[in-house]
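Chemist: The structure is given below, and queries will be raised subsequently.
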Amino acid sequence: MWKVAIKYALIGVIFEAILFHLGKQFGIHPMVDLRHLLFDILLFAIFISLAGYEFKRYHQQGILHFWQGMTLGFLVYTPLVAVFGGFLFLYFDAGMMEEYRILAIEMLQKQKSMYIDQLGENAYKELLRQVESISKSRLVLSALTKKLATGFFVTPAISIVLRKKPV
């Protein structure tokens, strides 16, 4: 199970890095733009599915239990996120931090009335202050937490689809 999971995790890291780089080239900031999250969901679903399919077909004679799918999914997305985190920390420079701040503040200002209505004036000001003072490590940790949550929610769906019990 480990070999299959690590293989797809490493391939997934390569695709995540390419996606990150392409997003940067096309002006889609991976920390602000929701389209990047949608691509993450798609990539996680693809690589967890491929790992599950390979494990089921070539190592389990066509049988995959839900718990095996969950374990395999965890073994794919956790190393994928960890290795990508290292890449992200090394690749993320001061220019990207400043770009993040500008885009995040613009987004908050565009939706100012909604934030104030739902959270209040003080909470909105606190959000602005947090965006202005966020560190590189905190921003990377936030991105990795979102990726882990994505894997956590995608894995059960894939495990249900791929499961097949012995007859």
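Chain labels follow the order of the structure tokens: the first chain is A, the next B, and so on; residue numbering restarts at 1 in every chain, and ligands are counted from 1 in their shown order.
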Taking 5 positions as the minimum chain separation for residues in the same chain, which residues sit within 12 Å of A:Glu16 when counting only C-alpha atoms? Answer as a count of residues only.
Modeler: 28
Chemist: Could you tell me which of A:Val140, A:Leu38, A:Leu162, A:Ile105 comes closest to A:Lys125 if we count only C-alpha atoms?
Modeler: A:Ile105
Chemist: Just the residues within 12 Å of A:Met97, please, counting only C-alpha atoms, with nothing from its chain fewer than 2 positions along; format it as a ChimeraX atom specification.
Modeler: /A:29-32,88-89,91-95,99-104,131-140
Chemist: Let me make sure I understand: among A:Val4, A:Asp33, A:Arg163, A:His65, which one has the smallest atom-to-atom distance to A:Leu50 if we use only C-alpha atoms?
Modeler: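 Closest to A:Leu50, using only C-alpha atoms: A:Val4.
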Chemist: In Å, with one decimal, what is the gap from atom CA of A:Gln61 to atom CA of A:Leu148?
Modeler: 29.9 Å
Chemist: Hey, can you check how far atom CA of A:Ile158 sits from atom CA of A:Ile14?
Modeler: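 Separation between atom CA of A:Ile158 and atom CA of A:Ile14: 21.3 Å.
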Chemist: Quick one: distance from atom CA of A:Gly151 to atom CA of A:Ile46 in Å, one decimal?
Modeler: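 Result for atom CA of A:Gly151 versus atom CA of A:Ile46: 11.1 Å, one decimal.
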Chemist: Do you know which residues are at most 9 Å from A:Lys164 counting only C-alpha atoms, after dropping those on the same chain fewer than 5 positions away, and could you put them as a PyMOL selection string?
Modeler: chain A and resi 56+62-66
Chemist: Keeping only N, CA and C atoms, write the selected residues as a PDB file, in the first residue's frame.
Modeler:
ATOM      1  N   LYS A  56      -6.396  -1.579  -5.742  1.00  0.00           N
ATOM      2  CA  LYS A  56      -7.529  -2.514  -5.826  1.00  0.00           C
ATOM      3  C   LYS A  56      -7.301  -3.560  -6.920  1.00  0.00           C
ATOM      4  N   GLY A  62      -9.130  -6.984  -7.103  1.00  0.00           N
ATOM      5  CA  GLY A  62     -10.408  -6.327  -7.359  1.00  0.00           C
ATOM      6  C   GLY A  62     -11.244  -6.011  -6.133  1.00  0.00           C
ATOM      7  N   ILE A  63     -10.690  -6.229  -4.963  1.00  0.00           N
ATOM      8  CA  ILE A  63     -11.439  -5.983  -3.728  1.00  0.00           C
ATOM      9  C   ILE A  63     -10.779  -4.829  -2.976  1.00  0.00           C
ATOM     10  N   LEU A  64     -11.585  -3.856  -2.602  1.00  0.00           N
ATOM     11  CA  LEU A  64     -11.087  -2.740  -1.809  1.00  0.00           C
ATOM     12  C   LEU A  64     -12.128  -2.399  -0.751  1.00  0.00           C
ATOM     13  N   HIS A  65     -11.742  -2.503   0.481  1.00  0.00           N
ATOM     14  CA  HIS A  65     -12.632  -2.147   1.586  1.00  0.00           C
ATOM     15  C   HIS A  65     -12.570  -0.637   1.806  1.00  0.00           C
ATOM     16  N   PHE A  66     -13.612  -0.106   2.407  1.00  0.00           N
ATOM     17  CA  PHE A  66     -13.668   1.330   2.679  1.00  0.00           C
ATOM     18  C   PHE A  66     -12.460   1.778   3.496  1.00  0.00           C
TER      19      PHE A  66
END
Chemist: Check chain A with DSSP on the backbone and list each residue it calls helix (DSSP H, G or I), as a VMD selection string.
Modeler: chain A and resid 2 to 25 34 to 59 66 to 91 94 to 110 112 to 119 121 to 133 136 to 162
